[in-house]
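*Asks:* I am sharing my_file-v5.txt, which consists of compact mmCIF, N, CA and C atoms:
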```txt
# COMPACT_ATOMS: atom_id res chain seq x y z
N MET M 1 0.83 -1.20 0.00
CA MET M 1 0.00 0.00 0.00
C MET M 1 0.87 1.26 0.00
N LYS M 2 2.01 1.21 0.69
CA LYS M 2 2.86 2.40 0.76
C LYS M 2 3.34 2.83 -0.63
N LYS M 3 3.70 1.86 -1.47
CA LYS M 3 4.15 2.18 -2.83
C LYS M 3 3.00 2.78 -3.64
N ILE M 4 1.81 2.22 -3.47
CA ILE M 4 0.64 2.75 -4.19
C ILE M 4 0.38 4.19 -3.75
N LEU M 5 0.44 4.43 -2.44
CA LEU M 5 0.21 5.79 -1.93
C LEU M 5 1.25 6.77 -2.46
N ARG M 6 2.51 6.36 -2.46
CA ARG M 6 3.55 7.25 -2.98
C ARG M 6 3.27 7.62 -4.43
N TRP M 7 2.92 6.62 -5.22
CA TRP M 7 2.67 6.87 -6.64
C TRP M 7 1.43 7.73 -6.84
N VAL M 8 0.32 7.39 -6.18
CA VAL M 8 -0.94 8.08 -6.41
C VAL M 8 -0.94 9.51 -5.85
N ILE M 9 -0.10 9.77 -4.84
CA ILE M 9 -0.03 11.11 -4.24
C ILE M 9 1.12 11.92 -4.81
N LEU M 10 2.32 11.35 -4.84
CA LEU M 10 3.49 12.11 -5.27
C LEU M 10 3.81 11.97 -6.75
N GLY M 11 3.37 10.86 -7.37
CA GLY M 11 3.80 10.58 -8.73
C GLY M 11 2.79 10.89 -9.82
N THR M 12 1.66 11.47 -9.46
CA THR M 12 0.65 11.77 -10.48
C THR M 12 0.20 13.22 -10.39
N LYS M 13 -0.34 13.70 -11.48
CA LYS M 13 -0.76 15.10 -11.57
C LYS M 13 -1.83 15.45 -10.53
N GLY M 14 -2.76 14.56 -10.26
CA GLY M 14 -3.86 14.85 -9.34
C GLY M 14 -3.57 14.47 -7.90
N GLY M 15 -2.33 14.23 -7.56
CA GLY M 15 -1.96 13.75 -6.24
C GLY M 15 -2.42 14.63 -5.09
N TYR M 16 -2.32 15.93 -5.27
CA TYR M 16 -2.71 16.84 -4.19
C TYR M 16 -4.21 16.72 -3.90
N ASN M 17 -5.02 16.69 -4.94
CA ASN M 17 -6.47 16.55 -4.74
C ASN M 17 -6.82 15.18 -4.17
N ARG M 18 -6.12 14.14 -4.61
CA ARG M 18 -6.37 12.80 -4.05
C ARG M 18 -6.04 12.76 -2.57
N ALA M 19 -4.97 13.42 -2.19
CA ALA M 19 -4.59 13.47 -0.77
C ALA M 19 -5.67 14.21 0.03
N LYS M 20 -6.18 15.30 -0.52
CA LYS M 20 -7.24 16.04 0.17
C LYS M 20 -8.49 15.18 0.34
N ILE M 21 -8.80 14.37 -0.66
CA ILE M 21 -9.95 13.47 -0.57
C ILE M 21 -9.73 12.43 0.53
N ILE M 22 -8.53 11.86 0.61
CA ILE M 22 -8.22 10.87 1.64
C ILE M 22 -8.38 11.49 3.02
N ILE M 23 -7.87 12.69 3.20
CA ILE M 23 -7.98 13.37 4.50
C ILE M 23 -9.45 13.62 4.85
N ALA M 24 -10.23 14.07 3.87
CA ALA M 24 -11.65 14.34 4.11
C ALA M 24 -12.39 13.06 4.47
N LEU M 25 -12.07 11.96 3.81
CA LEU M 25 -12.75 10.69 4.11
C LEU M 25 -12.32 10.11 5.44
N LYS M 26 -11.12 10.42 5.87
CA LYS M 26 -10.67 9.98 7.20
C LYS M 26 -11.52 10.66 8.27
N LYS M 27 -11.83 11.93 8.05
CA LYS M 27 -12.64 12.68 9.01
C LYS M 27 -14.09 12.21 8.99
N ARG M 28 -14.61 11.95 7.77
CA ARG M 28 -16.03 11.59 7.66
C ARG M 28 -16.31 10.93 6.31
N PRO M 29 -16.83 9.70 6.31
CA PRO M 29 -17.25 9.11 5.03
C PRO M 29 -18.26 10.04 4.35
N SER M 30 -18.16 10.14 3.02
CA SER M 30 -18.97 11.11 2.29
C SER M 30 -19.30 10.60 0.90
N ASN M 31 -20.31 11.21 0.29
CA ASN M 31 -20.59 10.92 -1.11
C ASN M 31 -19.88 11.97 -1.98
N THR M 32 -19.97 11.81 -3.28
CA THR M 32 -19.26 12.69 -4.22
C THR M 32 -19.69 14.14 -4.05
N ASN M 33 -20.96 14.38 -3.92
CA ASN M 33 -21.45 15.75 -3.79
C ASN M 33 -20.97 16.40 -2.48
N GLN M 34 -20.98 15.66 -1.41
CA GLN M 34 -20.49 16.19 -0.13
C GLN M 34 -19.01 16.55 -0.24
N LEU M 35 -18.23 15.69 -0.89
CA LEU M 35 -16.80 15.99 -1.07
C LEU M 35 -16.61 17.21 -1.96
N LYS M 36 -17.45 17.33 -2.98
CA LYS M 36 -17.38 18.50 -3.87
C LYS M 36 -17.54 19.78 -3.06
N ASN M 37 -18.51 19.78 -2.18
CA ASN M 37 -18.77 20.96 -1.36
C ASN M 37 -17.68 21.19 -0.31
N THR M 38 -17.24 20.13 0.32
CA THR M 38 -16.21 20.23 1.36
C THR M 38 -14.89 20.74 0.79
N LEU M 39 -14.51 20.20 -0.37
CA LEU M 39 -13.19 20.51 -0.94
C LEU M 39 -13.23 21.62 -1.99
N ASN M 40 -14.45 22.07 -2.32
CA ASN M 40 -14.61 23.14 -3.31
C ASN M 40 -13.94 22.78 -4.64
N LEU M 41 -14.23 21.56 -5.11
CA LEU M 41 -13.70 21.08 -6.39
C LEU M 41 -14.87 20.71 -7.30
N ASN M 42 -14.59 20.59 -8.58
CA ASN M 42 -15.56 20.20 -9.58
C ASN M 42 -16.04 18.77 -9.33
N TYR M 43 -17.34 18.52 -9.52
CA TYR M 43 -17.94 17.20 -9.29
C TYR M 43 -17.23 16.12 -10.11
N LYS M 44 -16.98 16.39 -11.40
CA LYS M 44 -16.34 15.39 -12.26
C LYS M 44 -14.91 15.10 -11.80
N THR M 45 -14.23 16.11 -11.29
CA THR M 45 -12.88 15.92 -10.77
C THR M 45 -12.90 14.98 -9.58
N ILE M 46 -13.81 15.25 -8.65
CA ILE M 46 -13.96 14.39 -7.47
C ILE M 46 -14.29 12.97 -7.90
N ALA M 47 -15.26 12.81 -8.81
CA ALA M 47 -15.68 11.48 -9.26
C ALA M 47 -14.51 10.72 -9.88
N HIS M 48 -13.70 11.40 -10.68
CA HIS M 48 -12.54 10.76 -11.30
C HIS M 48 -11.56 10.27 -10.24
N HIS M 49 -11.22 11.12 -9.29
CA HIS M 49 -10.26 10.74 -8.25
C HIS M 49 -10.81 9.61 -7.38
N LEU M 50 -12.09 9.64 -7.08
CA LEU M 50 -12.69 8.55 -6.30
C LEU M 50 -12.59 7.23 -7.04
N GLU M 51 -12.82 7.26 -8.34
CA GLU M 51 -12.72 6.05 -9.15
C GLU M 51 -11.30 5.49 -9.10
N VAL M 52 -10.30 6.35 -9.26
CA VAL M 52 -8.90 5.91 -9.22
C VAL M 52 -8.56 5.34 -7.85
N LEU M 53 -8.93 6.05 -6.80
CA LEU M 53 -8.62 5.59 -5.44
C LEU M 53 -9.31 4.27 -5.12
N GLU M 54 -10.53 4.10 -5.61
CA GLU M 54 -11.25 2.85 -5.35
C GLU M 54 -10.61 1.69 -6.12
N GLU M 55 -10.22 1.92 -7.37
CA GLU M 55 -9.57 0.87 -8.16
C GLU M 55 -8.27 0.41 -7.51
N LEU M 56 -7.58 1.31 -6.84
CA LEU M 56 -6.30 0.99 -6.20
C LEU M 56 -6.47 0.42 -4.79
N GLY M 57 -7.70 0.35 -4.30
CA GLY M 57 -7.96 -0.22 -2.99
C GLY M 57 -7.70 0.72 -1.83
N VAL M 58 -7.56 2.02 -2.13
CA VAL M 58 -7.33 3.02 -1.08
C VAL M 58 -8.64 3.34 -0.37
N ILE M 59 -9.73 3.36 -1.14
CA ILE M 59 -11.05 3.63 -0.57
C ILE M 59 -12.01 2.53 -0.98
N GLU M 60 -13.15 2.48 -0.31
CA GLU M 60 -14.23 1.57 -0.64
C GLU M 60 -15.51 2.37 -0.68
N SER M 61 -16.55 1.77 -1.25
CA SER M 61 -17.84 2.47 -1.32
C SER M 61 -18.96 1.54 -0.91
N SER M 62 -20.08 2.15 -0.57
CA SER M 62 -21.26 1.40 -0.17
C SER M 62 -22.50 2.18 -0.60
N GLY M 63 -23.52 1.44 -1.01
CA GLY M 63 -24.78 2.08 -1.36
C GLY M 63 -25.02 2.10 -2.85
N PRO M 64 -26.17 2.64 -3.23
CA PRO M 64 -26.53 2.72 -4.66
C PRO M 64 -25.63 3.72 -5.38
N ASN M 65 -25.61 3.64 -6.70
CA ASN M 65 -24.72 4.49 -7.49
C ASN M 65 -24.90 5.97 -7.17
N TYR M 66 -26.14 6.44 -7.12
CA TYR M 66 -26.40 7.83 -6.75
C TYR M 66 -26.36 7.93 -5.22
N GLY M 67 -25.50 8.76 -4.71
CA GLY M 67 -25.39 8.91 -3.26
C GLY M 67 -24.47 7.90 -2.61
N LYS M 68 -23.72 7.17 -3.42
CA LYS M 68 -22.79 6.17 -2.90
C LYS M 68 -21.85 6.83 -1.88
N ILE M 69 -21.66 6.18 -0.75
CA ILE M 69 -20.79 6.70 0.31
C ILE M 69 -19.41 6.08 0.18
N TYR M 70 -18.40 6.91 0.26
CA TYR M 70 -17.01 6.47 0.18
C TYR M 70 -16.36 6.57 1.55
N PHE M 71 -15.46 5.64 1.83
CA PHE M 71 -14.72 5.63 3.09
C PHE M 71 -13.38 4.96 2.85
N LEU M 72 -12.45 5.14 3.78
CA LEU M 72 -11.13 4.55 3.63
C LEU M 72 -11.22 3.04 3.79
N SER M 73 -10.42 2.32 2.99
CA SER M 73 -10.37 0.86 3.11
C SER M 73 -9.63 0.50 4.40
N ASP M 74 -9.79 -0.73 4.83
CA ASP M 74 -9.08 -1.20 6.03
C ASP M 74 -7.56 -1.09 5.84
N LYS M 75 -7.07 -1.43 4.65
CA LYS M 75 -5.63 -1.33 4.37
C LYS M 75 -5.16 0.12 4.50
N MET M 76 -5.97 1.04 3.99
CA MET M 76 -5.61 2.46 4.07
C MET M 76 -5.61 2.92 5.52
N GLU M 77 -6.58 2.50 6.29
CA GLU M 77 -6.63 2.86 7.71
C GLU M 77 -5.35 2.39 8.42
N GLU M 78 -4.89 1.18 8.08
CA GLU M 78 -3.68 0.63 8.69
C GLU M 78 -2.44 1.43 8.28
N GLN M 79 -2.45 1.99 7.08
CA GLN M 79 -1.30 2.70 6.53
C GLN M 79 -1.42 4.22 6.64
N TYR M 80 -2.35 4.70 7.44
CA TYR M 80 -2.62 6.14 7.48
C TYR M 80 -1.40 6.93 7.96
N ASP M 81 -0.61 6.39 8.86
CA ASP M 81 0.60 7.08 9.30
C ASP M 81 1.57 7.27 8.14
N ASP M 82 1.70 6.24 7.30
CA ASP M 82 2.55 6.37 6.11
C ASP M 82 2.00 7.45 5.18
N PHE M 83 0.69 7.49 5.04
CA PHE M 83 0.07 8.54 4.22
C PHE M 83 0.40 9.92 4.78
N ARG M 84 0.32 10.08 6.10
CA ARG M 84 0.63 11.39 6.72
C ARG M 84 2.05 11.82 6.39
N ASN M 85 2.99 10.88 6.39
CA ASN M 85 4.37 11.20 6.03
C ASN M 85 4.46 11.65 4.58
N ILE M 86 3.75 10.97 3.69
CA ILE M 86 3.73 11.35 2.28
C ILE M 86 3.09 12.73 2.12
N TRP M 87 2.01 12.99 2.86
CA TRP M 87 1.32 14.28 2.80
C TRP M 87 2.28 15.40 3.23
N GLU M 88 3.06 15.16 4.26
CA GLU M 88 4.03 16.17 4.72
C GLU M 88 5.05 16.47 3.63
N GLN M 89 5.49 15.44 2.89
CA GLN M 89 6.42 15.66 1.78
C GLN M 89 5.77 16.50 0.68
N LEU M 90 4.51 16.25 0.43
CA LEU M 90 3.78 16.96 -0.61
C LEU M 90 3.62 18.43 -0.26
N GLU M 91 3.40 18.71 1.02
CA GLU M 91 3.19 20.09 1.46
C GLU M 91 4.47 20.93 1.41
N LYS M 92 5.62 20.29 1.38
CA LYS M 92 6.89 21.06 1.38
C LYS M 92 7.18 21.70 0.05
```
Will you turn the file into C-alpha cells for me?
*Replies:*
Amino acid sequence: MKKILRWVILGTKGGYNRAKIIIALKKRPSNTNQLKNTLNLNYKTIAHHLEVLEELGVIESSGPNYGKIYFLSDKMEEQYDDFRNIWEQLEK
C-alpha cells in the first residue's frame, strides 16, 4: 500500500487533490457531492479521483450508485501514518 500511496499522491498530476480526498474521508465518510462541497472542487474531478482511489484499494464504497458513500479501506486505515508522512512531503 505504501508504494501505491507514494505513486498516487506524489507521482501523479492529481496527487494533491487525491490526498485532500483521503484526508476528508478519514474525518467523515462522504458521497461525491459532499466531497465537492467540502473541498470546493468540480464534481467530475472528485468522481474521477474517487474512481482511481477505489480501483487501487485506497477507498471503498457502499450504497446505490447515486449517493454512494465512500470511506477509507481497512488497508488504508492501517497505513494512514505512512500517508501522513507522504502528505508532509507533498506540502513542502
*Asks:* As a ChimeraX atom specification, please: every residue in chain M that DSSP puts in strand (DSSP E or B).
*Replies:* /M:30,59-62,69-72
*Asks:* Using CA of Ser30 (chain M) and CA of Gly67 (chain M) as the two end points, give the distance in Å to one decimal.
*Replies:*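 Calculated distance between CA of Ser30 (chain M) and CA of Gly67 (chain M) is 8.8 Å.
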*Asks:* I want to know what sits within 8 Å of Gly57 (chain M), based on only C-alpha atoms, with residues of the same chain fewer than 5 positions away left out; could you give that as a ChimeraX atom specification?
*Replies:* /M:73,75-76
*Asks:* Have a look at M:Glu55, M:Gly63, M:Gln89, M:Ile21 and name the one nearest to Leu35 (chain M); count all atoms listed in the file.
*Replies:*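 For Leu35 (chain M), the nearest of the given residues is M:Ile21.
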*Asks:* Residues near region 44-53 of chain M, anyone? I mean within 7 Å using only N, CA and C atoms, not counting same-chain ones fewer than 3 positions away, as a ChimeraX atom specification.
*Replies:* /M:17-18,32,35-36,41,56-60
*Asks:* Between CA of Asn42 (chain M) and CA of Gly11 (chain M), what is the spacing in Å?
*Replies:*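 Result for CA of Gly11 (chain M) versus CA of Asn42 (chain M): 21.6 Å, one decimal.
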*Asks:* Within 8 Å of Arg6 (chain M), counting only N, CA and C atoms, which residues show up once you throw out same-chain ones fewer than 4 positions away? Write them as number ranges by chain, please.
*Replies:* M: 1-2, 10-12, 82-83, 86
*Asks:* Could you state the separation of atom C of Tyr16 (chain M) and atom C of Ile69 (chain M) in Å, given to one decimal place?
*Replies:*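 These atoms are spaced 19.0 Å apart.
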*Asks:* Using only C-alpha atoms - which residues lie no farther than 9 Å from the point (-3.8, 8.3, 4.9) in the file's frame? Write them as number ranges by chain.
*Replies:* M: 5, 19, 22-23, 26, 58, 72, 76-87
*Asks:* With N, CA and C atoms kept, could you save the residues just selected as a JSON list (two decimals), keeping the file's coordinate frame?
*Replies:*
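New file part_21.json:
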```json
[["chain", "number", "residue", "atom", "x", "y", "z"],
["M", 5, "LEU", "N", 0.44, 4.43, -2.44],
["M", 5, "LEU", "CA", 0.21, 5.79, -1.93],
["M", 5, "LEU", "C", 1.25, 6.77, -2.46],
["M", 19, "ALA", "N", -4.97, 13.42, -2.19],
["M", 19, "ALA", "CA", -4.59, 13.47, -0.77],
["M", 19, "ALA", "C", -5.67, 14.21, 0.03],
["M", 22, "ILE", "N", -8.53, 11.86, 0.61],
["M", 22, "ILE", "CA", -8.22, 10.87, 1.64],
["M", 22, "ILE", "C", -8.38, 11.49, 3.02],
["M", 23, "ILE", "N", -7.87, 12.69, 3.20],
["M", 23, "ILE", "CA", -7.98, 13.37, 4.50],
["M", 23, "ILE", "C", -9.45, 13.62, 4.85],
["M", 26, "LYS", "N", -11.12, 10.42, 5.87],
["M", 26, "LYS", "CA", -10.67, 9.98, 7.20],
["M", 26, "LYS", "C", -11.52, 10.66, 8.27],
["M", 58, "VAL", "N", -7.56, 2.02, -2.13],
["M", 58, "VAL", "CA", -7.33, 3.02, -1.08],
["M", 58, "VAL", "C", -8.64, 3.34, -0.37],
["M", 72, "LEU", "N", -12.45, 5.14, 3.78],
["M", 72, "LEU", "CA", -11.13, 4.55, 3.63],
["M", 72, "LEU", "C", -11.22, 3.04, 3.79],
["M", 76, "MET", "N", -5.97, 1.04, 3.99],
["M", 76, "MET", "CA", -5.61, 2.46, 4.07],
["M", 76, "MET", "C", -5.61, 2.92, 5.52],
["M", 77, "GLU", "N", -6.58, 2.50, 6.29],
["M", 77, "GLU", "CA", -6.63, 2.86, 7.71],
["M", 77, "GLU", "C", -5.35, 2.39, 8.42],
["M", 78, "GLU", "N", -4.89, 1.18, 8.08],
["M", 78, "GLU", "CA", -3.68, 0.63, 8.69],
["M", 78, "GLU", "C", -2.44, 1.43, 8.28],
["M", 79, "GLN", "N", -2.45, 1.99, 7.08],
["M", 79, "GLN", "CA", -1.30, 2.70, 6.53],
["M", 79, "GLN", "C", -1.42, 4.22, 6.64],
["M", 80, "TYR", "N", -2.35, 4.70, 7.44],
["M", 80, "TYR", "CA", -2.62, 6.14, 7.48],
["M", 80, "TYR", "C", -1.40, 6.93, 7.96],
["M", 81, "ASP", "N", -0.61, 6.39, 8.86],
["M", 81, "ASP", "CA", 0.60, 7.08, 9.30],
["M", 81, "ASP", "C", 1.57, 7.27, 8.14],
["M", 82, "ASP", "N", 1.70, 6.24, 7.30],
["M", 82, "ASP", "CA", 2.55, 6.37, 6.11],
["M", 82, "ASP", "C", 2.00, 7.45, 5.18],
["M", 83, "PHE", "N", 0.69, 7.49, 5.04],
["M", 83, "PHE", "CA", 0.07, 8.54, 4.22],
["M", 83, "PHE", "C", 0.40, 9.92, 4.78],
["M", 84, "ARG", "N", 0.32, 10.08, 6.10],
["M", 84, "ARG", "CA", 0.63, 11.39, 6.72],
["M", 84, "ARG", "C", 2.05, 11.82, 6.39],
["M", 85, "ASN", "N", 2.99, 10.88, 6.39],
["M", 85, "ASN", "CA", 4.37, 11.20, 6.03],
["M", 85, "ASN", "C", 4.46, 11.65, 4.58],
["M", 86, "ILE", "N", 3.75, 10.97, 3.69],
["M", 86, "ILE", "CA", 3.73, 11.35, 2.28],
["M", 86, "ILE", "C", 3.09, 12.73, 2.12],
["M", 87, "TRP", "N", 2.01, 12.99, 2.86],
["M", 87, "TRP", "CA", 1.32, 14.28, 2.80],
["M", 87, "TRP", "C", 2.28, 15.40, 3.23]]
```
*Asks:* Using backbone DSSP assignments, extract all helix (DSSP H, G or I) residues from chain M; output them as a VMD selection string.
*Replies:* chain M and resid 2 to 10 15 to 27 32 to 39 43 to 55 74 to 78 80 to 91
*Asks:* Taking only C-alpha atoms into account, which of M:Asn40, M:Leu90, M:Asn33, M:Ser61 comes nearest Val8 (chain M)?
*Replies:*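 Distance minimum relative to Val8 (chain M) lands on M:Leu90.
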*Asks:* Between M:Leu39, M:Ser62, M:Ile9, M:Phe71, which residue has the minimum interatomic distance to Glu88 (chain M), considering only C-alpha atoms?
*Replies:*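 Of all the options, M:Ile9 lies closest to Glu88 (chain M).
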*Asks:* Determine the nearest neighbour of Asn31 (chain M) from the options M:Ile4, M:Glu54, M:Lys68, M:Gly14, counting all atoms listed in the file.
*Replies:*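 Ranking M:Ile4, M:Glu54, M:Lys68, M:Gly14 by distance to Asn31 (chain M), first place goes to M:Lys68.
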